[in-house]
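Only one structure is covered here, and it is reproduced in the block below.
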Amino acid sequence: MKNIIVCTDFSIKSHNALVLAKRIAIKAKSTIHIVHVLEPILGNYFFSGEFVKDPMDDVFMIRIAEKVTAELHTLEISNMHPNFDIKVKLLIGDPYQKIKNLTEELNADLVVMGYKGVTNAEDFFLGSLTDKVIRSLQCPVLTVKEVMDERSFDNIVYATDLEEDHTAMMNLILRFQDIFGSTVHIVKMNNKNNFKNEMETKAVLQRLVDKYDMKNYTINCYSHEDEEYGVVHFADEVGADLIVMGVHEKSGFRRLISGGSIADEVTDHTFRPVLTYRFQTVK
């Protein structure tokens, strides 16, 4: 993993994201790019609808940019490590678009960010940005709530619906497994709306791990009436340090219909980091 982007708003969850990114970078000898995006002040409107530029807006933005630059410099100095490089960057514009552009510019291997905020206001802004990044970026996204202990990624759960093209996802998991010596627990959830024979399911999962020559794994078929809670409970049972899930392109439509994608719901209901990767659904 050559380039890891860490998005920060200087909150505790952003700090936790950086801590976890550093643990990956130490093992992978990566470069960490800490980025903060500052949204510009767009000006004021009179009742007539006329746009008026307040000259004090520029002064205010300069002062904020200076403060943020100083905080980023502090993060850079305090997080230096001999096993990885660290760079900081202040961007101005739309947060999602700037993060997207940066991942493409750096050909980023991973984006790490805190999952939602502590207050309702933070939840609204950070949460909506995180959800958009997860659903839209052509790059793996690792969302973090709490700091992990020193076990790092000893146990990884990969929850699959057996509908996706596994190539990118399996290669990503194998990279984590190679770096951390992890045991991977591959699981297919069974419920009344998406039920498959357990013996047949395990045979399909076995062919999957054989295809990619995976070592140190378990294959599992887990029954639960709610798919997202099933993933969380299974992760509890195996003591998972990381949950990996694919995000289908249809997730945005599922959000409108059912209130959220499975990956969103799992991330909402677990304290564990969740690694997501967007792929096209096999037709």
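We label chains A, B, ... in the order they appear in the structure tokens, count residues from 1 in each chain, and number ligands from 1 in the order shown.
Around Val187 of chain A, within 6 Å and counting only C-alpha atoms, the residues found are Ala159, Asn220 and Cys221 of chain A, once anything fewer than 5 positions away on its own chain is removed.
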Report task. Using DSSP on the backbone coordinates, identify all residues within segment 51-250 of chain A classified as helix (DSSP H, G or I); present the result as a ChimeraX atom specification. Result -> /A:55-78,95-106,120-136,167-180,198-211,227-238
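The space between atom CA of Tyr115 of chain A and atom CA of Lys13 of chain A spans 7.0 Å.
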**Report entry** Proximity to Thr74 of chain A - best of A:Phe10, A:Thr143, A:Val133, A:Leu172, only C-alpha atoms
**Finding:**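 Ranking A:Phe10, A:Thr143, A:Val133, A:Leu172 by distance to Thr74 of chain A, first place goes to A:Phe10.
You can rank A:Met214, A:Ile34, A:Leu20, A:Leu162 by their closest distance to Ile86 of chain A using only C-alpha atoms, and at the top of that list sits A:Ile34.
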Query raised in the report: What's the 12 Å shell around Glu71 of chain A, counting only C-alpha atoms, without same-chain residues fewer than 6 positions away, as a list in words?
Result: Thr8, Asp9, Phe10, Ser11, Ile34, Val35, His36, Ile64, Ala65, Ile77, Ser78, Val88, Lys89 and Leu90 of chain A
Please save C-alpha atoms of the selected residues as a PDB file, in the first residue's frame.
```pdb
ATOM      1  CA  THR A   8      -9.168  14.784   9.201  1.00  0.00           C
ATOM      2  CA  ASP A   9     -11.464  17.326  10.774  1.00  0.00           C
ATOM      3  CA  PHE A  10      -9.280  17.228  13.941  1.00  0.00           C
ATOM      4  CA  SER A  11     -11.970  15.329  15.884  1.00  0.00           C
ATOM      5  CA  ILE A  34      -3.253  13.772   5.961  1.00  0.00           C
ATOM      6  CA  VAL A  35      -5.780  16.041   4.276  1.00  0.00           C
ATOM      7  CA  HIS A  36      -8.234  18.636   5.541  1.00  0.00           C
ATOM      8  CA  ILE A  64      -8.905  29.893   9.260  1.00  0.00           C
ATOM      9  CA  ALA A  65      -6.450  28.575   6.651  1.00  0.00           C
ATOM     10  CA  ILE A  77       5.586  16.608  13.344  1.00  0.00           C
ATOM     11  CA  SER A  78       3.932  14.596  16.124  1.00  0.00           C
ATOM     12  CA  VAL A  88      -0.083  17.073   5.034  1.00  0.00           C
ATOM     13  CA  LYS A  89      -2.302  18.982   2.661  1.00  0.00           C
ATOM     14  CA  LEU A  90      -4.905  21.739   3.027  1.00  0.00           C
TER      15      LEU A  90
END
```
Report task. Go ahead and compute the interatomic distance for atom CA of Val231 of chain A and atom CA of Lys145 of chain A, in Å to one decimal. Result -> 17.1 Å
Query - Nearby residues (only C-alpha atoms) at most 9 Å from Thr31 of chain A, same-chain spacing under 2 positions excluded, as a list in words - result: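 Answer for this query is Met1, Lys2, Asn3, Ile4, Ile5, Ala25, Lys29, His33, Phe84, Asp85, Ile86 and Lys87 of chain A.
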Requested in this report: Rank nothing, just name the residue among A:Phe153, A:Tyr277, A:Phe176, A:Tyr158 nearest to Ala235 of chain A, using only C-alpha atoms.
Outcome: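 Under the stated criterion, the closest residue is A:Tyr158.
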**Report entry** Distance of atom CA of Ala240 of chain A from atom CA of Ser152 of chain A, expressed in Å to one decimal place
**Finding:**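 So the two atoms, atom CA of Ser152 of chain A and atom CA of Ala240 of chain A, lie 10.0 Å apart.
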Report task. Check the DSSP output for the backbone and give back, as a PyMOL selection string, the residues of segment 73-165 of chain A in strand (DSSP E or B). Result -> chain A and resi 81+84-92+110-114+141-144+155-159+164
Can you write just those residues out, C-alpha atoms, as a short mmCIF file (atom, residue, chain, number, x, y, z; two decimals), in the first residue's frame?
```cif
data_model
loop_
_atom_site.label_atom_id
_atom_site.label_comp_id
_atom_site.auth_asym_id
_atom_site.auth_seq_id
_atom_site.Cartn_x
_atom_site.Cartn_y
_atom_site.Cartn_z
CA HIS A 81 7.90 7.53 12.12
CA PHE A 84 6.69 5.57 6.77
CA ASP A 85 6.57 9.02 5.22
CA ILE A 86 3.93 11.54 6.23
CA LYS A 87 2.64 14.53 4.30
CA VAL A 88 -0.08 17.07 5.03
CA LYS A 89 -2.30 18.98 2.66
CA LEU A 90 -4.90 21.74 3.03
CA LEU A 91 -7.44 21.83 0.22
CA ILE A 92 -10.17 24.40 -0.38
CA LEU A 110 -6.67 3.32 0.74
CA VAL A 111 -8.73 6.16 2.25
CA VAL A 112 -9.09 6.14 6.05
CA MET A 113 -11.60 8.36 7.82
CA GLY A 114 -13.64 8.61 10.99
CA VAL A 141 -12.36 3.06 2.22
CA LEU A 142 -11.63 2.17 5.86
CA THR A 143 -14.01 3.80 8.34
CA VAL A 144 -12.96 3.99 11.98
CA ASN A 155 -8.97 -11.70 12.55
CA ILE A 156 -10.71 -10.36 9.46
CA VAL A 157 -14.35 -11.04 8.57
CA TYR A 158 -15.26 -10.89 4.89
CA ALA A 159 -19.04 -10.84 4.52
CA GLU A 164 -19.99 -9.71 -6.57
#
```
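Checking A:Met189, A:Val238, A:Leu205, A:Leu137 one by one against Glu225 of chain A, counting only C-alpha atoms, you find the shortest gap at A:Met189.
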